[in-house]
Structures are given as structure tokens and as C-alpha cells.
>>> print(open('data16.cif').read())   # mmCIF, C-alpha atoms
data_coords
#
loop_
_atom_site.label_atom_id
_atom_site.label_comp_id
_atom_site.auth_asym_id
_atom_site.auth_seq_id
_atom_site.Cartn_x
_atom_site.Cartn_y
_atom_site.Cartn_z
CA MET A 137 92.47 94.53 166.52
CA VAL A 138 93.40 97.94 165.17
CA ARG A 139 93.05 100.69 167.75
CA ILE A 140 93.20 104.41 167.33
CA ASP A 141 94.69 106.80 169.81
CA PHE A 142 91.93 109.35 169.44
CA ASN A 143 93.57 111.99 171.55
CA ARG A 144 96.19 112.42 168.83
CA LEU A 145 93.56 113.34 166.27
CA ARG A 146 91.81 116.60 165.63
CA PHE A 147 88.20 116.42 164.43
CA LEU A 148 85.97 118.94 162.71
CA VAL A 149 82.23 118.24 162.81
CA ILE A 150 80.09 120.20 160.35
CA ASP A 151 76.34 119.85 160.64
CA ASP A 152 73.56 122.42 160.71
CA ASN A 153 71.62 120.33 163.21
CA ALA A 154 72.74 121.11 166.77
CA HIS A 155 71.41 117.77 168.06
CA MET A 156 73.51 115.81 165.61
CA ARG A 157 76.60 117.88 166.43
CA ARG A 158 76.08 117.10 170.12
CA ILE A 159 75.70 113.38 169.36
CA LEU A 160 78.87 113.35 167.26
CA ARG A 161 80.83 115.26 169.87
CA THR A 162 79.63 112.85 172.57
CA LEU A 163 80.66 109.81 170.53
CA LEU A 164 84.06 111.27 169.62
CA HIS A 165 84.79 112.18 173.24
CA GLY A 166 83.60 108.69 174.17
CA PHE A 167 86.20 107.25 171.78
CA GLY A 168 88.82 109.32 173.57
CA ALA A 169 89.11 112.38 171.31
CA ARG A 170 89.93 115.70 172.91
CA ASP A 171 90.10 118.09 169.99
CA VAL A 172 86.64 118.28 168.49
CA TYR A 173 85.65 121.48 166.69
CA GLU A 174 82.22 122.29 165.32
CA ALA A 175 80.72 124.36 162.53
CA GLU A 176 77.06 124.77 161.64
CA ASP A 177 77.18 125.30 157.90
CA GLY A 178 79.44 124.77 154.92
CA ALA A 179 80.92 128.27 154.95
CA ALA A 180 81.74 128.18 158.66
CA GLY A 181 83.03 124.65 158.10
CA LEU A 182 85.49 125.79 155.45
CA GLU A 183 86.69 128.60 157.69
CA ALA A 184 87.13 126.19 160.61
CA PHE A 185 88.92 123.75 158.32
CA THR A 186 91.44 126.44 157.39
CA HIS A 187 91.80 127.64 160.96
CA TYR A 188 92.00 124.37 162.89
CA VAL A 189 93.63 122.12 160.25
CA PRO A 190 91.74 119.00 161.37
CA ASP A 191 92.87 115.45 160.71
CA VAL A 192 89.35 114.20 160.08
CA VAL A 193 86.34 116.15 158.80
CA ILE A 194 82.89 114.72 159.51
CA THR A 195 80.29 116.55 157.49
CA ASP A 196 76.60 116.41 156.85
CA TRP A 197 75.38 116.65 153.27
CA ALA A 198 72.38 118.99 153.44
CA MET A 199 73.41 122.32 154.94
CA PRO A 200 72.77 126.02 154.30
CA ILE A 201 75.08 128.35 152.32
CA PHE A 202 76.92 125.48 150.72
CA ASP A 203 76.41 121.82 151.36
CA GLY A 204 78.74 119.01 152.35
CA LEU A 205 79.35 118.04 148.75
CA GLU A 206 80.41 121.56 147.76
CA LEU A 207 82.51 121.81 150.90
CA THR A 208 84.34 118.60 149.96
CA GLN A 209 84.96 119.92 146.46
CA MET A 210 86.44 123.10 147.94
CA ILE A 211 88.68 121.11 150.25
CA ARG A 212 89.85 118.89 147.39
CA GLN A 213 91.67 121.70 145.60
CA PRO A 214 95.37 120.87 145.44
CA GLY A 215 97.42 123.88 146.38
CA ALA A 216 94.42 125.92 147.48
CA ASN A 217 94.50 124.97 151.15
CA SER A 218 96.72 123.45 153.76
CA ASN A 219 95.48 119.88 153.54
CA PRO A 220 93.57 118.80 150.43
CA TYR A 221 94.22 115.17 151.45
CA VAL A 222 92.26 115.44 154.70
CA ALA A 223 89.95 112.51 155.46
CA VAL A 224 86.35 113.50 154.82
CA ILE A 225 83.57 111.34 156.23
CA MET A 226 80.17 112.19 154.78
CA LEU A 227 77.46 111.47 157.32
CA THR A 228 74.05 111.71 155.76
CA GLY A 229 70.49 110.51 155.63
CA HIS A 230 70.83 110.21 151.85
CA SER A 231 71.62 106.68 150.83
CA GLU A 232 70.44 106.37 147.23
CA LYS A 233 72.88 105.09 144.63
CA ASN A 234 73.19 108.43 142.83
CA ARG A 235 73.93 110.21 146.12
CA VAL A 236 76.66 107.77 147.09
CA THR A 237 78.21 108.10 143.63
CA ALA A 238 78.07 111.91 143.78
CA ALA A 239 79.77 111.89 147.19
CA ARG A 240 82.47 109.56 145.90
CA ASP A 241 83.04 111.74 142.84
CA ALA A 242 83.32 114.87 144.98
CA GLY A 243 86.25 113.27 146.83
CA VAL A 244 84.60 112.00 149.98
CA THR A 245 86.78 109.42 151.73
CA GLU A 246 84.06 107.48 153.53
CA PHE A 247 80.28 107.55 153.39
CA LEU A 248 78.26 106.85 156.52
CA ALA A 249 74.50 106.59 156.18
CA LYS A 250 72.30 107.55 159.12
CA PRO A 251 71.15 106.30 161.55
CA LEU A 252 74.44 106.92 163.22
CA SER A 253 75.95 104.25 165.44
CA ALA A 254 79.08 104.30 167.58
CA LYS A 255 80.36 101.20 165.83
CA GLY A 256 79.76 102.55 162.32
CA LEU A 257 81.49 105.84 163.08
CA TYR A 258 84.40 104.11 164.80
CA GLN A 259 84.93 101.80 161.84
CA ARG A 260 84.97 104.67 159.35
CA ILE A 261 87.50 106.57 161.45
CA VAL A 262 89.72 103.52 161.83
CA ASN A 263 89.56 103.02 158.09
CA VAL A 264 90.57 106.55 157.13
CA VAL A 265 93.35 106.66 159.70
CA ALA A 266 94.80 103.16 159.40
CA ASN A 267 94.16 102.44 155.72
CA PRO A 268 94.36 105.70 153.79
CA ARG A 269 93.96 105.31 150.04
CA PRO A 270 96.26 107.03 147.57
CA PHE A 271 94.94 110.08 145.80
CA ILE A 272 94.23 110.25 142.09
CA LYS A 273 94.54 113.45 140.12
CA THR A 274 93.09 113.70 136.64
CA LYS A 275 91.73 116.60 134.58
CA THR A 276 88.33 116.09 136.16
CA TYR A 277 88.98 114.49 139.54
CA PHE A 278 91.14 114.95 142.58
CA GLY A 279 90.51 112.77 145.58
CA PRO A 280 90.96 109.35 147.16
CA ASP A 281 91.30 106.47 144.72
CA ARG A 282 87.77 105.47 143.85
CA ARG A 283 88.93 101.92 143.16
CA ARG A 284 88.97 100.31 146.54
CA ASN A 285 90.19 97.00 145.17
CA VAL A 286 91.35 95.37 141.96
CA ASN A 287 88.83 93.07 140.38
CA PRO A 288 90.76 90.23 138.70
CA ASN A 289 87.64 89.29 136.74
CA TYR A 290 87.19 92.75 135.25
CA VAL A 291 86.66 92.61 131.51
CA GLY A 292 86.70 95.89 129.59
CA PRO A 293 88.86 98.80 128.61
CA GLU A 294 91.39 100.26 131.06
CA ARG A 295 90.17 103.80 131.54
CA ARG A 296 93.34 105.08 133.13
CA LYS A 297 95.94 105.64 130.43
CA GLY A 298 99.69 105.55 130.72
CA GLY A 299 102.43 103.16 131.66
CA LYS A 300 105.03 103.27 134.33
CA ALA A 301 105.51 106.24 136.55
CA ASP A 302 107.48 109.13 135.10
CA VAL A 303 108.21 110.91 138.34
CA ILE A 304 108.31 109.60 141.87
CA ARG A 305 108.88 111.98 144.71
CA GLN A 306 109.23 110.31 148.05
CA SER A 307 109.59 112.01 151.36
CA SER A 308 110.23 110.75 154.82
CA LEU A 309 107.36 109.91 157.08
CA LEU A 310 107.10 112.51 159.80
CA GLU A 311 105.47 111.34 162.90
CA LYS A 312 102.54 113.48 163.79
CA VAL A 313 103.38 113.33 167.44
CA ARG A 314 106.83 114.80 166.76
CA SER A 315 105.59 117.57 164.56
CA PRO A 316 102.70 119.23 166.28
CA ASP A 317 101.29 121.89 163.99
CA MET B 72 97.39 127.08 162.74
CA ALA B 73 100.38 126.64 160.47
CA PRO B 74 99.67 125.04 157.10
CA ARG B 75 101.08 121.61 156.53
CA LYS B 76 103.89 121.12 154.06
CA ASP B 77 102.94 118.95 151.09
CA THR B 78 105.22 115.93 151.31
CA ALA B 79 103.20 113.57 149.16
CA ALA B 80 104.83 111.06 146.83
CA THR B 81 103.60 111.50 143.28
CA ALA B 82 103.70 109.05 140.38
CA THR B 83 102.76 110.53 137.01
CA TYR B 84 101.10 108.39 134.34
CA GLY B 85 99.67 109.12 130.91
CA ASP B 86 96.51 110.88 131.97
CA HIS B 87 96.61 110.82 135.73
CA GLU B 88 98.77 111.09 138.80
CA VAL B 89 98.78 108.73 141.75
CA ILE B 90 99.59 110.65 144.90
CA THR B 91 100.45 108.96 148.15
CA PRO B 92 100.15 111.55 150.89
CA GLU B 93 102.35 111.16 153.91
CA ASN B 94 100.25 109.43 156.54
CA LYS B 95 100.82 111.72 159.49
CA LEU B 96 98.10 109.92 161.37
CA ARG B 97 99.92 106.59 161.40
CA THR B 98 101.25 107.10 164.89
CA ALA B 99 97.69 107.26 166.16
CA VAL B 100 97.26 103.61 165.09
CA SER B 101 98.18 100.74 167.35
CA MET B 102 97.61 97.01 167.38
CA ARG B 103 97.83 96.61 171.13
CA PRO B 104 95.11 94.67 172.95
CA LEU B 105 93.01 96.37 175.59
CA PHE B 106 94.68 96.74 178.97
CA PRO B 107 93.04 94.79 181.80
CA GLY B 108 90.03 96.82 182.89
CA GLU B 109 90.26 99.12 179.89
CA GLU B 110 86.92 99.64 178.26
CA ASP B 111 86.37 99.16 174.55
CA PRO B 112 86.10 102.65 172.99
CA VAL B 113 82.89 101.77 171.15
CA VAL B 114 81.27 100.58 174.38
CA ARG B 115 82.52 103.72 176.12
CA ALA B 116 81.01 105.91 173.41
CA GLU B 117 77.71 104.03 173.56
CA LYS B 118 77.61 104.61 177.31
CA ALA B 119 78.30 108.31 176.81
CA LEU B 120 75.45 108.42 174.31
CA SER B 121 73.10 106.67 176.68
CA GLU B 122 73.94 109.26 179.35
CA LEU B 123 72.72 111.84 176.85
CA SER B 124 69.55 109.91 176.08
CA PRO B 125 67.28 111.57 178.69
CA GLU B 126 67.41 114.63 176.43
CA PHE B 127 66.32 112.76 173.30
CA SER B 128 62.56 113.05 173.77
CA SER B 129 62.74 116.83 174.06
CA TRP B 130 64.97 116.90 170.98
CA MET B 131 62.42 114.81 169.13
CA ASP B 132 59.66 117.17 170.31
CA SER B 133 61.47 120.11 168.80
CA GLU B 134 62.16 118.26 165.55
CA CYS B 135 58.46 117.34 165.23
CA GLU B 136 57.49 120.93 165.97
CA ARG B 137 59.86 122.11 163.28
CA LEU B 138 58.26 119.70 160.82
CA ASP B 139 54.79 120.92 161.75
CA LEU B 140 55.85 124.54 161.32
CA ALA B 141 57.27 123.78 157.88
CA ARG B 142 54.04 121.98 156.94
CA ARG B 143 51.99 124.97 158.03
CA GLY B 144 54.20 127.22 155.91
CA VAL B 145 53.41 125.12 152.84
CA GLY B 146 49.73 125.05 153.75
CA LYS B 147 49.58 128.83 153.97
CA THR B 148 51.26 129.79 150.68
CA GLY B 149 51.64 126.59 148.70
CA PHE B 150 55.11 125.32 147.87
CA THR B 151 57.86 127.91 147.49
CA LYS B 152 61.58 127.25 147.17
CA ALA B 153 62.15 128.24 150.81
CA ASN B 154 59.32 126.31 152.42
CA LYS B 155 59.97 123.26 150.25
CA GLU B 156 63.55 123.20 151.57
CA ALA B 157 62.39 123.78 155.14
CA LEU B 158 59.93 120.89 154.92
CA PHE B 159 62.44 118.58 153.27
CA HIS B 160 65.20 119.35 155.79
CA ALA B 161 62.88 118.92 158.74
CA ALA B 162 61.75 115.52 157.43
CA HIS B 163 65.28 114.57 156.44
CA ASP B 164 66.65 115.34 159.90
CA ILE B 165 63.95 113.23 161.55
CA LYS B 166 64.66 110.40 159.14
CA GLY B 167 68.35 110.50 160.11
CA GLU B 168 67.95 111.09 163.84
CA ALA B 169 64.89 109.09 164.86
CA ALA B 170 66.70 105.79 165.38
CA THR B 171 69.57 107.43 167.26
CA PHE B 172 67.02 109.14 169.52
CA GLY B 173 65.34 105.80 170.25
CA TYR B 174 62.36 106.14 167.89
CA PRO B 175 63.34 104.06 164.84
CA ALA B 176 59.75 103.47 163.76
CA VAL B 177 59.33 107.20 163.08
CA ALA B 178 62.05 107.27 160.43
CA SER B 179 60.15 105.50 157.63
CA ALA B 180 57.27 107.98 157.51
CA ALA B 181 59.75 110.86 157.45
CA ASN B 182 61.68 109.08 154.70
CA SER B 183 58.52 108.70 152.65
CA LEU B 184 57.95 112.46 152.87
CA CYS B 185 61.55 113.10 151.77
CA ARG B 186 61.06 110.86 148.73
CA LEU B 187 57.81 112.58 147.88
CA ILE B 188 59.43 116.03 147.88
CA GLU B 189 62.72 115.01 146.32
CA HIS B 190 61.40 112.98 143.41
CA THR B 191 58.40 115.07 142.39
CA PRO B 192 59.48 117.13 139.38
CA ASP B 193 56.91 119.85 140.06
CA VAL B 194 56.18 120.00 143.80
CA THR B 195 53.15 122.23 143.27
CA ARG B 196 51.42 119.09 141.95
CA ILE B 197 51.80 117.32 145.30
CA PRO B 198 48.37 117.11 146.93
CA PHE B 199 48.63 118.96 150.23
CA GLU B 200 46.62 116.17 151.89
CA LEU B 201 49.51 113.84 151.20
CA VAL B 202 51.94 116.21 152.91
CA ASP B 203 49.50 116.53 155.79
CA GLN B 204 49.14 112.77 156.14
CA HIS B 205 52.90 112.33 156.27
CA VAL B 206 53.44 115.01 158.89
CA ASP B 207 50.52 113.75 160.97
CA ALA B 208 51.87 110.22 160.71
CA VAL B 209 55.34 111.23 161.91
CA ARG B 210 53.87 113.12 164.85
CA ALA B 211 51.37 110.40 165.73
CA ILE B 212 53.93 107.59 165.63
CA TYR B 213 56.20 109.58 167.91
CA ARG B 214 53.37 110.62 170.25
CA GLU B 215 52.07 107.05 170.62
CA TYR B 216 55.48 105.43 170.90
CA ALA B 217 54.88 104.12 174.39
CA ARG B 218 51.96 101.96 173.20
CA SER B 219 52.70 98.26 173.07
CA ASP B 220 51.46 98.01 169.49
CA ALA B 221 53.16 101.23 168.35
CA LYS B 222 55.62 99.55 166.02
CA GLU B 223 52.98 97.47 164.25
CA LEU B 224 50.74 100.51 163.80
CA ALA B 225 53.70 102.56 162.56
CA ALA B 226 54.60 99.85 160.05
CA GLN B 227 51.02 99.66 158.72
CA LEU B 228 50.69 103.41 158.49
CA THR B 229 54.04 103.86 156.80
CA LYS B 230 53.39 101.02 154.37
CA ARG B 231 50.20 102.68 153.21
CA LEU B 232 51.84 106.11 152.96
CA ARG B 233 54.66 104.61 150.96
CA GLU B 234 52.25 102.87 148.58
CA VAL B 235 50.32 106.08 147.90
CA THR B 236 53.55 108.05 147.53
CA ASP B 237 55.08 105.52 145.14
CA GLU B 238 51.93 105.50 143.05
CA PHE B 239 52.07 109.29 142.82
CA LEU B 240 55.80 109.37 142.09
CA ILE B 241 55.60 106.71 139.40
CA HIS B 242 52.85 108.66 137.70
CA GLU B 243 54.67 111.99 137.96
CA ASN B 244 57.90 110.49 136.66
CA ARG B 245 56.37 108.28 133.98
CA ASP B 246 58.55 109.94 131.30
CA ARG B 247 61.76 109.89 133.34
CA PRO B 248 63.15 106.33 133.33
CA ASP B 249 66.30 107.27 135.25
CA VAL B 250 64.24 108.70 138.12
CA LEU B 251 61.87 105.74 138.02
CA GLU B 252 64.85 103.43 138.43
CA LEU B 253 66.01 105.51 141.38
CA ILE B 254 62.59 105.48 143.01
CA THR B 255 62.14 101.75 142.71
CA GLY B 256 65.81 100.79 143.23
CA PRO B 257 67.41 99.70 146.49
CA SER B 258 69.79 101.76 148.62
CA ILE B 259 73.44 100.83 148.17
CA ALA B 260 74.86 102.67 151.16
CA PRO B 261 77.22 100.55 153.24
CA GLU B 262 76.22 99.63 156.77
#
>>> encode(input="data16.cif", output="C-alpha cells")
Amino acid sequence: MVRIDFNRLRFLVIDDNAHMRRILRTLLHGFGARDVYEAEDGAAGLEAFTHYVPDVVITDWAMPIFDGLELTQMIRQPGANSNPYVAVIMLTGHSEKNRVTAARDAGVTEFLAKPLSAKGLYQRIVNVVANPRPFIKTKTYFGPDRRRNVNPNYVGPERRKGGKADVIRQSSLLEKVRSPD
Amino acid sequence: MAPRKDTAATATYGDHEVITPENKLRTAVSMRPLFPGEEDPVVRAEKALSELSPEFSSWMDSECERLDLARRGVGKTGFTKANKEALFHAAHDIKGEAATFGYPAVASAANSLCRLIEHTPDVTRIPFELVDQHVDAVRAIYREYARSDAKELAAQLTKRLREVTDEFLIHENRDRPDVLELITGPSIAPE
């Protein structure tokens, strides 16, 4: 079973509802996390994101000033902030198809529909930490690969154009524990 | 805190790039089994949540009060942008929190109110009685939660509210097939 050493991770919880922030904090501390920061709206969330450089952002959708979707779009700006690849878990009461699609297209890493459960949250965190997806950058999208798997039975045009890679830049894997930032 | 250096590997294709960011979180992952006596983290978190649970009824009280206040705002002036948002958010928060707070049967009535507000193209056409009935239902289901037949009553009440709401929404969206599909379609959110 995959386990996560939560005390090596830094979390940012963004939700305008104080009760939900308290629940999330309680669950994260219960998992073993120590560094849990909070913000109560999208603007404060973006400021906290820049200041604390979290490893995982857990955000609500519906919030004042700007919402979780707009916040995600601001985070997913390559070059505009310190970590556009950060894992973003969208926790929301919205669960309609168009909402899930909009969250995916904004660059959300995982979607977690309320009601919140310890198991559901744990699984999403394990997923973003242990199985991160590559990022795709196109003219209109920057975010985690929206194709979670390859469908061998897919029939239709290949929408991504181009052949083999032109440029590959590889860097060494720095262990987070050795490079505290 | 210091910004992180971008050390992602990038592969460029015809119309897109595939970027593999360095997984700095990998060292937080382990495959080790639990030590003897070590508690599963999910169980530990559930226990922590249950220690918080004595506060849930007062939290639910304040959420219901917030919903009532938003309803009264709409009743006083009719729908405005601000009070529509206040009513929707109050209902939406209850929908999302009710089960976590131990009142899952409250969520459906709150959800029905969210659907009513969200999918009505012109909210000023919503009969205020329908708003009233939803808010009263949410509050009544919560208030009577200790009754042995509370869940059955909640299910009946919510079913009827949902039927009336759907009838209204289908009529109001009769010329909007995409919205009709949304209203009648299932949720696809993962568990």
C-alpha cells in the first residue's frame, strides 16, 4: 500500500467557509501533516500560494473576489509564479458534468465532490503525490495531462499534432527533503 | 519563501509540449507497511474528525440561520445579484457540509434549491413560495433529525420539492436543450 509521509508536505487550504477549513485542517493533521496554511478567498489564496509555496493546494470552487476556477487559472501560468505545476485539488459541492469539465480545463489536478470523507481526501492526495501526470502546454491549455489513460479502442482523429520530440531537457531529481525551500 | 527553480523536462511536438515536472514530492511516498501498533492515517483522521463532531450541531445551526437570513433578504426586495448569490452559497454550503456534519438527509433539499437558482435563466420568475418551501424544508429536516422517521420524511419532502423544481426548470428552459440535458443528466463526479 502506498503511504505518504504527510509531515514532508505543505498544504494550502482555500475555502470561504470557516467550518470547512476547520474540517480540512483536522483531517490533514489527522493524516500527519504539520504545515497547513489557510486562506478564505481566492485573492488571499493566491497571496498565500506565493508566500508559502505549498506542495498541495486544496481549494473550494465558489468563493468571493475570485473563485477556485479563476485561482487555478492564475496558478497555471508558466513563468508567472514559483510553481505552476503545483497539485490543485478542487473540493466542491458542484458535481455536474459541465462543472467537472470546466475544472479539468482550468488545470485542476484532482476533483473531489462533497461530501468530504477522510478516505476520499487521502486518496486524492496520494494520487497527486505518488502518481503526478505530465503537463501539457498548448496555445489554449496549460495543466496536467487531461488524458488519464490511453484508450486502445479509440477511433477518430488524433487531436494532438506532431511527431517525435524536438527538444528534451532532463534534469536530476532533487529530493525535497534535501532541498528545503 | 524562495521560488522554486523550474527543472522540468520538456518534449516539444507539433502543436504542444509535454512537460514532466521534477517530482519533488517523491520522497514523501513510501511503500512500507504500517508498524505494529501504528494507526492507519485515514482511521486517525476519522477519529480526529469525530472528536470535532460535538461542534457540528452548532455549525449546522449557524448555516441554517444564514440560509434563513438570505431567504429573508430575497423576500424583502425580490432577487438581486447579491441576495441571489447569498442564497445560493448558503444552500450550496449546506449541501456540501450536511453529510460531514452528520445530517446527510438535509443535503438533498439544499441541493434542490441550488438547482432551482442555478438553472433558472431569469431568477425573478422563481415563485417565492418555492424558495420558502425549500428553506423551510432544510430547516425542518435538520430540526426534526432526532425523530425515528426523520429520514423517511426528509426523503418524501425532498422528492416532492425536486419534482416541483424539475417541472419549473424544464418549463423555464424549454428552449435551451443543453441546459435541459444538464438538468436531467446524472452527475459524473468521481467518488
>>> residues_around(input="data16.cif", residues="stretch 229-239 of chain B", least_positions_apart="4", cutoff="10 Å", atoms="all atoms listed in the file", output="ChimeraX atom specification")
/B:176-184,186-188,190-191,196-198,201-202,204-205,208-209,212,223-225,243-245,251,254-255
>>> resolve_selection(input="data16.cif", expression="the PyMOL selection byres ((chain A and resi 211) around 9)", output="ChimeraX atom specification")
/A:182,185,206-210,212-214,216-217,219-222,243
>>> closest_residue(input="data16.cif", among="B:Cys135, B:Cys185, B:Ala211, B:Val145", to="chain A", atoms="all atoms listed in the file")
B:Cys185
>>> resolve_selection(input="data16.cif", expression="the PyMOL selection byres ((chain A and resi 273-283) around 6)", output="list in words")
Gly243, Arg269, Pro270, Phe271, Ile272, Arg284 and Asn285 of chain A; His87 and Glu88 of chain B
>>> closest_residue(input="data16.cif", among="B:Lys95, B:Pro192, B:Thr148, B:Glu117", to="A:Phe167", atoms="all atoms listed in the file")
B:Glu117
>>> interface_residues(input="data16.cif", of="chain B", to="chain A", cutoff="7 Å", atoms="only C-alpha atoms", output="PyMOL selection string")
chain B and resi 72-75+78-93+95-102+104+112-113+115-117+119-120+163+166-168+170-171+258-260
>>> write_last_selection(input="data16.cif", atoms="C-alpha atoms", output="mmCIF file, in the coordinates of the input")
data_model
loop_
_atom_site.group_PDB
_atom_site.id
_atom_site.type_symbol
_atom_site.label_atom_id
_atom_site.label_comp_id
_atom_site.auth_asym_id
_atom_site.auth_seq_id
_atom_site.Cartn_x
_atom_site.Cartn_y
_atom_site.Cartn_z
ATOM 1 C CA MET B 72 97.390 127.080 162.740
ATOM 2 C CA ALA B 73 100.380 126.640 160.470
ATOM 3 C CA PRO B 74 99.670 125.040 157.100
ATOM 4 C CA ARG B 75 101.080 121.610 156.530
ATOM 5 C CA THR B 78 105.220 115.930 151.310
ATOM 6 C CA ALA B 79 103.200 113.570 149.160
ATOM 7 C CA ALA B 80 104.830 111.060 146.830
ATOM 8 C CA THR B 81 103.600 111.500 143.280
ATOM 9 C CA ALA B 82 103.700 109.050 140.380
ATOM 10 C CA THR B 83 102.760 110.530 137.010
ATOM 11 C CA TYR B 84 101.100 108.390 134.340
ATOM 12 C CA GLY B 85 99.670 109.120 130.910
ATOM 13 C CA ASP B 86 96.510 110.880 131.970
ATOM 14 C CA HIS B 87 96.610 110.820 135.730
ATOM 15 C CA GLU B 88 98.770 111.090 138.800
ATOM 16 C CA VAL B 89 98.780 108.730 141.750
ATOM 17 C CA ILE B 90 99.590 110.650 144.900
ATOM 18 C CA THR B 91 100.450 108.960 148.150
ATOM 19 C CA PRO B 92 100.150 111.550 150.890
ATOM 20 C CA GLU B 93 102.350 111.160 153.910
ATOM 21 C CA LYS B 95 100.820 111.720 159.490
ATOM 22 C CA LEU B 96 98.100 109.920 161.370
ATOM 23 C CA ARG B 97 99.920 106.590 161.400
ATOM 24 C CA THR B 98 101.250 107.100 164.890
ATOM 25 C CA ALA B 99 97.690 107.260 166.160
ATOM 26 C CA VAL B 100 97.260 103.610 165.090
ATOM 27 C CA SER B 101 98.180 100.740 167.350
ATOM 28 C CA MET B 102 97.610 97.010 167.380
ATOM 29 C CA PRO B 104 95.110 94.670 172.950
ATOM 30 C CA PRO B 112 86.100 102.650 172.990
ATOM 31 C CA VAL B 113 82.890 101.770 171.150
ATOM 32 C CA ARG B 115 82.520 103.720 176.120
ATOM 33 C CA ALA B 116 81.010 105.910 173.410
ATOM 34 C CA GLU B 117 77.710 104.030 173.560
ATOM 35 C CA ALA B 119 78.300 108.310 176.810
ATOM 36 C CA LEU B 120 75.450 108.420 174.310
ATOM 37 C CA HIS B 163 65.280 114.570 156.440
ATOM 38 C CA LYS B 166 64.660 110.400 159.140
ATOM 39 C CA GLY B 167 68.350 110.500 160.110
ATOM 40 C CA GLU B 168 67.950 111.090 163.840
ATOM 41 C CA ALA B 170 66.700 105.790 165.380
ATOM 42 C CA THR B 171 69.570 107.430 167.260
ATOM 43 C CA SER B 258 69.790 101.760 148.620
ATOM 44 C CA ILE B 259 73.440 100.830 148.170
ATOM 45 C CA ALA B 260 74.860 102.670 151.160
#
>>> residues_around(input="data16.cif", residues="B:Asp139", least_positions_apart="3", cutoff="9 Å", atoms="all atoms listed in the file", output="count of residues only")
11
>>> axis_aligned_box(input="data16.cif", around="stretch 95-100 of chain B", padding_each_side="6 Å", output="JSON")
{"center_x": 99.3, "center_y": 107.7, "center_z": 162.8, "size_x": 16.0, "size_y": 20.1, "size_z": 18.7}
>>> atom_distance(input="data16.cif", atom1="atom CA of B:Met131", atom2="atom CA of B:Phe172")
7.3 Å
>>> closest_residue(input="data16.cif", among="B:Pro125, B:Gln227, B:Phe159, B:Lys152", to="B:Arg137", atoms="all atoms listed in the file")
B:Phe159
>>> atom_distance(input="data16.cif", atom1="atom CA of A:Ala169", atom2="atom CA of A:Pro200")
27.2 Å
>>> decode(input="data16.cif", residues="stretch 145-175 of chain B", atoms="C-alpha atoms", output="tab-separated table (two decimals), in the first residue's frame")
chain	number	residue	atom	x	y	z
B	145	VAL	CA	-34.89	37.82	-1.16
B	146	GLY	CA	-38.34	38.09	0.40
B	147	LYS	CA	-37.81	41.74	1.24
B	148	THR	CA	-36.52	43.06	-2.10
B	149	GLY	CA	-37.00	40.27	-4.61
B	150	PHE	CA	-33.98	38.70	-6.25
B	151	THR	CA	-30.92	40.91	-6.70
B	152	LYS	CA	-27.46	39.80	-7.80
B	153	ALA	CA	-26.17	40.00	-4.22
B	154	ASN	CA	-29.01	38.22	-2.45
B	155	LYS	CA	-29.23	35.58	-5.16
B	156	GLU	CA	-25.55	34.76	-4.55
B	157	ALA	CA	-26.03	34.81	-0.78
B	158	LEU	CA	-28.96	32.39	-1.02
B	159	PHE	CA	-27.16	30.11	-3.45
B	160	HIS	CA	-23.95	29.99	-1.39
B	161	ALA	CA	-25.83	29.34	1.83
B	162	ALA	CA	-27.71	26.44	0.21
B	163	HIS	CA	-24.59	25.21	-1.55
B	164	ASP	CA	-22.58	25.11	1.68
B	165	ILE	CA	-25.32	23.13	3.43
B	166	LYS	CA	-25.49	20.73	0.51
B	167	GLY	CA	-21.73	20.13	0.80
B	168	GLU	CA	-21.44	20.06	4.58
B	169	ALA	CA	-24.60	18.35	5.80
B	170	ALA	CA	-23.32	14.78	5.43
B	171	THR	CA	-19.96	15.63	7.00
B	172	PHE	CA	-21.80	17.21	9.94
B	173	GLY	CA	-23.89	14.07	10.41
B	174	TYR	CA	-27.10	15.26	8.73
B	175	PRO	CA	-26.97	13.68	5.25
